[in-house]
file coords.txt (compact mmCIF, C-alpha atoms and all ligand atoms)
# COMPACT_ATOMS: atom_id res chain seq x y z
CA MET A 1 2.46 3.65 25.27
CA GLY A 2 5.51 3.25 23.05
CA TYR A 3 6.45 -0.18 21.90
CA ASP A 4 9.85 -0.09 23.54
CA GLU A 5 8.33 0.12 27.00
CA LYS A 6 6.15 -2.94 26.60
CA ASN A 7 8.96 -5.44 26.43
CA GLU A 8 6.45 -8.26 25.99
CA ILE A 9 8.79 -10.75 24.44
CA GLN A 10 12.02 -12.02 25.81
CA GLU A 11 15.20 -12.21 23.84
CA ASN A 12 16.24 -15.86 23.48
CA GLU A 13 18.39 -18.06 21.30
CA ASN A 14 15.94 -17.58 18.40
CA TRP A 15 16.20 -13.80 18.64
CA ILE A 16 16.88 -12.25 15.23
CA ARG A 17 19.37 -9.38 15.19
CA ILE A 18 18.55 -6.64 12.77
CA GLY A 19 22.19 -6.42 11.70
CA ASP A 20 21.98 -10.04 10.53
CA LEU A 21 19.16 -9.33 8.10
CA LYS A 22 20.86 -8.90 4.73
CA ALA A 23 17.70 -7.55 3.11
CA LEU A 24 17.79 -4.54 5.43
CA HIS A 25 21.39 -3.58 4.79
CA GLY A 26 20.61 -0.75 2.37
CA SER A 27 17.70 0.61 4.41
CA ARG A 28 17.49 3.63 6.72
CA ILE A 29 16.01 2.98 10.16
CA LEU A 30 15.65 5.62 12.87
CA HIS A 31 14.90 3.22 15.73
CA PRO A 32 16.63 -0.09 15.01
CA THR A 33 15.98 -1.53 18.47
CA ARG A 34 12.25 -0.94 18.11
CA VAL A 35 12.22 -2.42 14.60
CA GLU A 36 14.20 -5.45 15.80
CA ARG A 37 11.69 -5.97 18.59
CA ILE A 38 8.67 -5.74 16.27
CA ILE A 39 10.23 -8.14 13.78
CA ASN A 40 10.82 -10.66 16.55
CA GLU A 41 7.28 -10.16 17.81
CA PHE A 42 6.00 -10.88 14.29
CA ILE A 43 8.15 -14.00 14.03
CA GLN A 44 6.92 -15.34 17.34
CA GLY A 45 3.29 -14.41 16.65
CA GLY A 46 3.24 -16.34 13.37
CA PRO A 47 1.26 -15.83 10.14
CA GLU A 48 -2.10 -16.16 11.92
CA ARG A 49 -1.63 -12.76 13.54
CA MET A 50 -0.33 -11.02 10.42
CA GLN A 51 -2.01 -8.77 7.90
CA MET A 52 -0.48 -6.53 5.25
CA VAL A 53 -1.80 -3.17 4.04
CA SER A 54 -0.30 -1.65 0.90
CA ASP A 55 -0.74 1.42 -1.23
CA PHE A 56 -0.99 0.69 -4.97
CA ASP A 57 0.41 3.49 -7.13
CA PHE A 58 4.22 3.49 -7.00
CA THR A 59 4.22 1.02 -4.11
CA ILE A 60 3.00 -2.11 -5.87
CA THR A 61 3.96 -0.50 -9.16
CA LYS A 62 7.52 0.74 -9.56
CA GLN A 63 8.68 4.29 -8.99
CA ARG A 64 11.33 3.77 -11.66
CA THR A 65 11.39 1.16 -14.41
CA ASP A 66 14.52 -0.41 -15.95
CA ASP A 67 13.80 1.08 -19.37
CA GLY A 68 12.91 4.52 -17.99
CA GLY A 69 9.30 4.17 -19.18
CA LYS A 70 6.72 6.18 -17.25
CA VAL A 71 4.34 4.20 -15.06
CA LEU A 72 0.80 5.55 -15.13
CA SER A 73 -1.16 5.89 -11.88
CA SER A 74 -4.58 4.28 -11.57
CA PHE A 75 -6.28 7.59 -12.45
CA GLY A 76 -3.69 8.03 -15.20
CA ILE A 77 -4.71 4.70 -16.76
CA PHE A 78 -8.33 5.83 -16.86
CA ASN A 79 -7.43 9.26 -18.25
CA ALA A 80 -5.50 7.61 -21.09
CA CYS A 81 -8.66 5.90 -22.40
CA LYS A 82 -9.45 7.09 -25.92
CA SER A 83 -13.23 7.28 -25.76
CA LEU A 84 -13.44 9.84 -22.93
CA PRO A 85 -15.23 13.02 -24.05
CA ASP A 86 -13.05 15.99 -25.06
CA ASN A 87 -14.08 18.14 -22.12
CA PHE A 88 -13.33 15.34 -19.61
CA LYS A 89 -9.57 15.68 -19.80
CA ALA A 90 -9.69 19.49 -19.71
CA GLU A 91 -11.93 19.43 -16.64
CA THR A 92 -9.97 16.82 -14.69
CA ASP A 93 -6.70 18.63 -15.52
CA LYS A 94 -8.23 21.85 -14.23
CA LEU A 95 -9.23 20.14 -10.99
CA TYR A 96 -5.78 18.59 -10.66
CA HIS A 97 -4.08 21.98 -10.94
CA ILE A 98 -6.37 23.47 -8.31
CA TYR A 99 -6.34 20.69 -5.74
CA ARG A 100 -3.01 18.87 -6.08
CA PRO A 101 -1.05 21.87 -4.69
CA ILE A 102 -3.41 21.90 -1.70
CA GLU A 103 -2.95 18.16 -1.13
CA ILE A 104 0.82 18.56 -0.86
CA ASP A 105 0.94 22.06 0.72
CA PRO A 106 3.39 21.75 3.64
CA HIS A 107 1.88 24.81 5.36
CA MET A 108 -1.74 23.71 5.53
CA SER A 109 -2.95 21.37 8.28
CA LYS A 110 -4.40 17.98 7.49
CA ASP A 111 -7.74 18.96 9.06
CA GLU A 112 -7.98 21.97 6.78
CA LYS A 113 -7.07 19.91 3.72
CA VAL A 114 -9.79 17.31 4.25
CA LYS A 115 -12.64 19.51 2.99
CA TYR A 116 -10.69 20.36 -0.17
CA MET A 117 -9.94 16.71 -0.85
CA ILE A 118 -13.62 15.81 -0.44
CA GLU A 119 -14.39 18.63 -2.90
CA TRP A 120 -11.81 17.30 -5.37
CA TRP A 121 -13.01 13.69 -5.33
CA THR A 122 -16.65 14.87 -5.46
CA LYS A 123 -16.06 17.10 -8.49
CA SER A 124 -13.97 14.42 -10.16
CA SER A 125 -16.84 11.98 -9.62
CA GLU A 126 -19.28 14.47 -11.16
CA VAL A 127 -17.08 14.93 -14.21
CA THR A 128 -16.89 11.13 -14.56
CA SER A 129 -20.61 10.97 -15.36
CA GLY A 130 -23.06 10.97 -18.20
CA PHE A 131 -21.18 9.14 -20.95
CA PRO A 132 -20.79 5.49 -21.95
CA PHE A 133 -17.58 3.72 -21.00
CA ASP A 134 -16.36 0.16 -21.40
CA GLN A 135 -14.07 -1.48 -18.82
CA THR A 136 -12.12 -3.15 -21.66
CA GLU A 137 -10.56 0.24 -22.41
CA ILE A 138 -9.00 0.27 -18.95
CA ASP A 139 -7.97 -3.37 -19.37
CA ASP A 140 -6.14 -2.60 -22.65
CA ILE A 141 -4.07 0.15 -21.04
CA ALA A 142 -3.61 -1.66 -17.71
CA SER A 143 -2.14 -4.67 -19.58
CA LYS A 144 0.92 -2.54 -20.36
CA PHE A 145 1.54 -1.95 -16.67
CA LYS A 146 1.37 -5.50 -15.41
CA HIS A 147 5.12 -5.56 -16.15
CA ALA A 148 5.69 -2.38 -14.15
CA LEU A 149 5.12 -4.08 -10.80
CA ARG A 150 8.05 -4.09 -8.37
CA ASP A 151 10.43 -7.00 -8.88
CA ARG A 152 9.27 -10.09 -6.98
CA THR A 153 5.70 -8.78 -6.58
CA HIS A 154 4.39 -12.10 -7.88
CA GLU A 155 6.47 -13.94 -5.31
CA LEU A 156 5.26 -11.64 -2.53
CA PHE A 157 1.62 -12.25 -3.44
CA GLU A 158 2.31 -16.00 -3.60
CA ASP A 159 3.96 -15.90 -0.17
CA LEU A 160 0.95 -14.12 1.32
CA GLN A 161 -1.45 -16.52 -0.34
CA ARG A 162 0.49 -19.58 0.82
CA MET A 163 0.72 -18.24 4.38
CA GLN A 164 -2.96 -17.18 4.28
CA ILE A 165 -2.13 -13.62 5.25
CA PRO A 166 -4.75 -11.07 4.12
CA LEU A 167 -3.50 -8.22 1.96
CA LEU A 168 -5.45 -5.00 1.76
CA VAL A 169 -4.57 -2.88 -1.25
CA PHE A 170 -5.66 0.61 -0.40
CA SER A 171 -5.91 3.22 -3.12
CA ALA A 172 -7.41 6.67 -3.21
CA GLY A 173 -7.08 6.27 -6.98
CA LEU A 174 -9.36 4.30 -9.29
CA GLY A 175 -10.11 0.75 -8.20
CA ASN A 176 -11.08 -0.39 -11.69
CA SER A 177 -7.50 0.19 -12.84
CA VAL A 178 -5.97 -1.35 -9.71
CA VAL A 179 -8.01 -4.56 -10.02
CA SER A 180 -7.36 -4.72 -13.76
CA VAL A 181 -3.57 -4.55 -13.31
CA LEU A 182 -3.62 -7.16 -10.51
CA LYS A 183 -5.93 -9.50 -12.44
CA GLN A 184 -3.90 -9.28 -15.63
CA ALA A 185 -0.75 -9.96 -13.62
CA ASP A 186 -2.54 -13.09 -12.26
CA ILE A 187 -2.10 -12.08 -8.63
CA MET A 188 -5.64 -11.20 -7.63
CA TYR A 189 -5.72 -14.07 -5.12
CA PRO A 190 -8.67 -14.62 -2.74
CA ASN A 191 -6.72 -13.15 0.20
CA VAL A 192 -6.31 -9.84 -1.68
CA LYS A 193 -8.87 -7.11 -1.10
CA VAL A 194 -8.85 -3.83 -3.00
CA VAL A 195 -10.48 -0.87 -1.26
CA SER A 196 -10.61 2.08 -3.62
CA ASN A 197 -12.92 4.21 -5.77
CA PHE A 198 -14.86 2.14 -8.29
CA LEU A 199 -16.82 3.40 -11.28
CA GLN A 200 -20.59 3.39 -10.96
CA TYR A 201 -23.09 3.10 -13.83
CA ARG A 202 -26.68 4.23 -14.27
CA ASP A 203 -28.80 3.41 -17.31
CA GLY A 204 -25.70 2.29 -19.20
CA LEU A 205 -23.83 5.54 -18.58
CA LEU A 206 -21.07 6.37 -16.09
CA ASP A 207 -22.41 7.83 -12.88
CA GLY A 208 -19.29 8.79 -10.92
CA PHE A 209 -17.61 6.74 -8.20
CA GLN A 210 -19.26 4.34 -5.79
CA GLN A 211 -19.44 5.21 -2.09
CA PRO A 212 -17.64 5.39 0.23
CA MET A 213 -15.31 7.83 -1.40
CA ILE A 214 -11.66 7.06 -0.59
CA HIS A 215 -9.50 10.17 -0.58
CA THR A 216 -5.97 10.88 0.61
CA PHE A 217 -6.98 11.54 4.20
CA ASN A 218 -9.51 8.79 4.90
CA LYS A 219 -7.35 6.12 3.26
CA ASN A 220 -7.12 4.06 6.45
CA GLU A 221 -8.85 1.21 8.22
CA THR A 222 -11.43 3.55 9.80
CA VAL A 223 -13.30 3.54 6.47
CA LEU A 224 -13.60 -0.22 6.87
CA ASP A 225 -15.97 0.15 9.83
CA GLY A 226 -18.90 -2.15 9.22
CA HIS A 227 -17.09 -3.65 6.22
CA GLU A 228 -16.85 -7.45 6.14
CA TYR A 229 -13.09 -7.11 5.62
CA TYR A 230 -12.80 -5.49 9.04
CA ASP A 231 -14.19 -8.63 10.69
CA LEU A 232 -11.67 -10.72 8.80
CA VAL A 233 -8.63 -8.74 9.90
CA HIS A 234 -9.43 -6.95 13.12
CA SER A 235 -8.01 -9.73 15.26
CA ARG A 236 -4.80 -9.73 13.22
CA ASP A 237 -2.78 -7.31 15.27
CA HIS A 238 0.59 -7.69 13.56
CA ILE A 239 0.57 -5.41 10.56
CA ILE A 240 3.03 -4.56 7.81
CA VAL A 241 2.16 -1.28 6.08
CA MET A 242 3.81 -0.31 2.78
CA GLY A 243 3.64 2.97 0.91
CA ASP A 244 5.54 5.54 -1.10
CA SER A 245 3.76 8.70 0.14
CA LEU A 246 3.96 10.02 3.69
CA GLY A 247 0.16 9.75 4.07
CA ASP A 248 0.37 6.00 3.40
CA ALA A 249 1.91 5.49 6.83
CA ASP A 250 -1.51 6.07 8.40
CA MET A 251 -3.26 3.35 6.41
CA ALA A 252 -3.52 1.09 9.45
CA SER A 253 -5.00 3.70 11.78
CA GLY A 254 -8.34 2.43 12.95
CA VAL A 255 -6.94 -0.93 14.03
CA PRO A 256 -6.89 -1.68 17.80
CA SER A 257 -4.30 0.43 19.62
CA SER A 258 -2.57 -2.65 20.96
CA SER A 259 -1.55 -3.61 17.42
CA HIS A 260 2.06 -3.73 16.39
CA ILE A 261 2.62 -1.98 13.10
CA LEU A 262 5.75 -1.99 10.99
CA LYS A 263 5.78 0.72 8.34
CA ILE A 264 7.90 0.36 5.24
CA GLY A 265 8.34 3.47 3.08
CA PHE A 266 9.70 3.48 -0.47
CA LEU A 267 11.53 6.75 -1.09
CA PHE A 268 12.59 7.72 -4.59
CA ASP A 269 12.03 11.43 -5.33
CA HIS A 270 14.21 14.14 -3.78
CA VAL A 271 15.85 11.64 -1.47
CA GLU A 272 17.93 14.05 0.60
CA ALA A 273 15.15 16.64 1.05
CA ASN A 274 12.63 13.97 2.05
CA MET A 275 14.81 11.66 4.12
CA GLU A 276 14.18 13.15 7.55
CA LYS A 277 10.40 13.19 7.13
CA TYR A 278 10.37 9.64 5.78
CA MET A 279 12.55 8.38 8.61
CA ASN A 280 10.27 10.03 11.16
CA THR A 281 7.19 8.54 9.48
CA PHE A 282 8.21 5.05 8.38
CA ASP A 283 10.05 2.48 10.50
CA ILE A 284 12.07 1.27 7.53
CA VAL A 285 12.91 3.60 4.64
CA LEU A 286 14.03 1.97 1.38
CA VAL A 287 15.79 4.26 -1.07
CA ASP A 288 15.28 3.59 -4.77
CA ASP A 289 14.45 -0.04 -4.00
CA GLN A 290 12.25 -1.24 -6.85
CA THR A 291 11.73 -4.70 -5.37
CA MET A 292 9.58 -6.51 -2.80
CA ASP A 293 12.66 -8.09 -1.23
CA VAL A 294 12.29 -6.49 2.22
CA PRO A 295 8.66 -7.49 2.89
CA ARG A 296 9.46 -10.95 1.50
CA ALA A 297 12.44 -11.32 3.83
CA LEU A 298 10.20 -10.55 6.81
CA LEU A 299 7.59 -13.06 5.67
CA GLU A 300 10.29 -15.66 5.14
CA LEU A 301 11.41 -15.30 8.76
CA ILE A 302 7.82 -15.73 9.94
CA GLU A 303 7.28 -18.79 7.77
CA LYS A 304 10.61 -20.31 8.72
CA GLN A 305 9.77 -20.05 12.42
CA LYS A 306 6.36 -21.60 11.86
CA LEU A 307 7.87 -24.54 9.99
CA LYS A 308 10.48 -24.92 12.68
CA LEU A 309 7.81 -25.15 15.35
CA LYS A 310 5.84 -27.60 13.22
CA ASN A 311 8.86 -29.82 12.68
CA GLY A 312 9.92 -29.47 16.29
CA GLY A 313 13.46 -28.69 15.22
CA SER A 314 15.55 -26.95 12.58
CA PRO A 315 14.04 -25.05 9.67
CA PRO A 316 14.29 -26.70 6.26
CA ALA A 317 17.44 -25.82 4.34
CA GLN A 318 15.68 -24.21 1.37
CA LEU A 319 14.40 -21.39 3.58
CA SER A 320 17.72 -19.95 4.55
CA SER A 321 18.43 -17.30 1.95
CA LEU A 322 18.45 -14.42 4.43
C1 LIG A 401 -9.54 13.00 -7.39
N1 LIG A 401 -8.17 12.75 -7.79
C2 LIG A 401 -7.14 12.50 -6.96
N2 LIG A 401 -6.01 12.29 -7.64
C3 LIG A 401 -4.67 11.95 -7.15
O1 LIG A 401 -4.64 10.56 -7.02
C4 LIG A 401 -3.89 10.19 -5.86
C5 LIG A 401 -4.39 8.86 -5.41
O2 LIG A 401 -4.01 8.63 -4.14
P1 LIG A 401 -3.35 7.31 -3.60
O3 LIG A 401 -4.23 6.17 -3.78
O4 LIG A 401 -2.89 7.60 -2.24
O5 LIG A 401 -2.21 6.99 -4.55
P2 LIG A 401 -0.75 7.52 -4.70
O6 LIG A 401 -0.46 8.44 -3.53
O7 LIG A 401 0.02 6.27 -4.65
O8 LIG A 401 -0.78 8.17 -6.03
C6 LIG A 401 -4.09 11.35 -4.91
O9 LIG A 401 -3.00 11.52 -4.08
C7 LIG A 401 -4.34 12.56 -5.82
O10 LIG A 401 -3.17 13.33 -5.97
C8 LIG A 401 -6.33 12.38 -8.96
N3 LIG A 401 -5.55 12.23 -10.04
C9 LIG A 401 -6.13 12.35 -11.25
N4 LIG A 401 -5.37 12.20 -12.34
N5 LIG A 401 -7.46 12.63 -11.41
C10 LIG A 401 -8.30 12.79 -10.35
O11 LIG A 401 -9.50 13.01 -10.50
C11 LIG A 401 -7.69 12.67 -9.06
MG MG A 402 1.48 5.67 -3.91

call {"tool": "encode", "arguments": {"input": "coords.txt", "output": "structure tokens", "more": "lines below"}}
Ligand SMILES: C[n+]1cn([C@@H]2O[C@H](COP(=O)(O)OP(=O)(O)O)[C@@H](O)[C@H]2O)c2nc(N)[nH]c(=O)c21
Ligand SMILES: [Mg+2]
result
Amino acid sequence: MGYDEKNEIQENENWIRIGDLKALHGSRILHPTRVERIINEFIQGGPERMQMVSDFDFTITKQRTDDGGKVLSSFGIFNACKSLPDNFKAETDKLYHIYRPIEIDPHMSKDEKVKYMIEWWTKSSEVTSGFPFDQTEIDDIASKFKHALRDRTHELFEDLQRMQIPLLVFSAGLGNSVVSVLKQADIMYPNVKVVSNFLQYRDGLLDGFQQPMIHTFNKNETVLDGHEYYDLVHSRDHIIVMGDSLGDADMASGVPSSSHILKIGFLFDHVEANMEKYMNTFDIVLVDDQTMDVPRALLELIEKQKLKLKNGGSPPAQLSSL
């Protein structure tokens, strides 16, 4: 059943109009009435019902930096490590050129792609084996990218921590790089969980990635089955999903069907060619927005309402920047 039909909450004097939300003024929204309704549902449900799920590469990191510097992906950070054997780069490049076109092939179905993606991650894991490797190499390179996080990422993570809202950072990339960037940026708070591919060691040598393998098409909450994180969040049915790739929009599939999900998509490349697909996939499309201002504005509304209820009256003045 579509969200519009449910009409669970009533419009009242606290109803927030989407047109009044300054943070959304530059965004593209296909179904504003639906988005307005979800936002109001989130506000009335409060932080206790919220969870956030975010992609890492080019969602928590920027798609474009102020100085034009390239931002490496989590796999890119690993590949830039100096001690990797000579044949490693050649082999991973070869795999990339075979499988990346399949991953983004608009003519192949998702079901057909899955087996190729499993093949890619499996071969990549095999190549990442049999040589010594020290995590400090990743840390040295990752330290350069702690400044490439979207503007106000620190504030967003602080908001989530203060409101005790769990954040799942989902990456089909390399978890060691993701965690390293977040730790060095001092935002790896206890409410942040990274689900990704982590390096595994055997007898002091690399032994591929740990299970379960996270690839482009299982990057969603179904892989959390049996995971302790699932127990923590499965009752939180108000979900903000953030991503920069179309596949990121599915990251919350696997949560109960009654959940209300608001998907925010960051669009940067080939804006005109991609716009229609992004608008059909994400509820809110942000074009070349290198900040966390929109998710923060939503959280601010939720927090403001909670404080208002607590104080039994008006919200405090300092929370009225919207
Ligand atoms: C197995 N493998 C996958 N990728 C890419 O890494 C991406 C990670 O996927 P993601 O976590 O969805 O991040 P992103 O979409 O924000 O980048 C995939 O979409 C693949 O294109 C890979 N990239 C590199 N450099 N090396 C690899 O071995 C490799
Ligand atoms: Mg991404």

call {"tool": "residues_around", "arguments": {"input": "coords.txt", "residues": "A:Thr33", "least_positions_apart": "2", "cutoff": "12 Å", "atoms": "only C-alpha atoms", "output": "number ranges by chain"}}
result
A: 3-5, 7, 11, 16-19, 29-31, 35-40, 283-284

call {"tool": "residues_near_ligand", "arguments": {"input": "coords.txt", "ligand": "ligand MG 402 (chain A)", "cutoff": "10 Å", "atoms": "only C-alpha atoms and all ligand atoms", "output": "list in words"}}
result
Ser54, Asp55, Phe56, Asp57, Phe58, Thr59, Ile60, Thr61, Lys62, Gln63, Ser73, Ser74, Phe170, Ser171, Ala172, Gly173, Met242, Gly243, Asp244, Ser245, Leu246, Gly247, Asp248 and Phe266 of chain A

call {"tool": "closest_residue", "arguments": {"input": "coords.txt", "among": "A:Phe131, A:Phe282, A:Phe145, A:Phe198", "to": "A:Gly76", "atoms": "only C-alpha atoms"}}
result
A:Phe145

call {"tool": "residues_around", "arguments": {"input": "coords.txt", "residues": "A:Val233", "least_positions_apart": "5", "cutoff": "10 Å", "atoms": "all atoms listed in the file", "output": "PyMOL selection string"}}
result
chain A and resi 49-52+165-168+228+238-239+255

call {"tool": "closest_residue", "arguments": {"input": "coords.txt", "among": "A:Val192, A:Val294, A:Val127, A:Ala23", "to": "A:Gln161", "atoms": "all atoms listed in the file"}}
result
A:Val192

call {"tool": "residues_near_point", "arguments": {"input": "coords.txt", "point": "(-17.7, 0.5, -18.4)", "cutoff": "8 Å", "atoms": "all atoms listed in the file", "output": "ChimeraX atom specification"}}
result
/A:132-136,199,201,205-206

call {"tool": "closest_residue", "arguments": {"input": "coords.txt", "among": "A:Lys146, A:His107, A:Lys219, A:Lys115", "to": "ligand LIG 401 (chain A)", "atoms": "all atoms listed in the file"}}
result
A:Lys219

call {"tool": "residues_around", "arguments": {"input": "coords.txt", "residues": "stretch 93-99 of chain A", "least_positions_apart": "3", "cutoff": "9 Å", "atoms": "all atoms listed in the file", "output": "PyMOL selection string"}}
result
chain A and resi 88-90+102-104+116-117+119-120+123-124

call {"tool": "atom_distance", "arguments": {"input": "coords.txt", "atom1": "atom CA of A:Ile187", "atom2": "atom CA of A:Phe157"}}
result
6.4 Å

call {"tool": "axis_aligned_box", "arguments": {"input": "coords.txt", "around": "stretch 205-221 of chain A", "padding_each_side": "8 Å", "output": "lines of an AutoDock Vina configuration file"}}
result
center_x = -14.9
center_y = 6.4
center_z = -5.2
size_x = 33.9
size_y = 26.3
size_z = 42.8

call {"tool": "atom_distance", "arguments": {"input": "coords.txt", "atom1": "atom CA of A:Asp288", "atom2": "atom CA of A:Ala249"}}
result
17.8 Å

call {"tool": "atom_distance", "arguments": {"input": "coords.txt", "atom1": "atom CA of A:Glu91", "atom2": "atom CA of A:Pro106"}}
result
25.5 Å

call {"tool": "closest_residue", "arguments": {"input": "coords.txt", "among": "A:Gln290, A:Phe75, A:Thr128, A:Arg236", "to": "A:Ser196", "atoms": "only C-alpha atoms"}}
result
A:Phe75

call {"tool": "residues_around", "arguments": {"input": "coords.txt", "residues": "A:Leu156", "least_positions_apart": "4", "cutoff": "7 Å", "atoms": "only C-alpha atoms", "output": "list in words"}}
result
Arg152, Leu160, Met292 and Arg296 of chain A
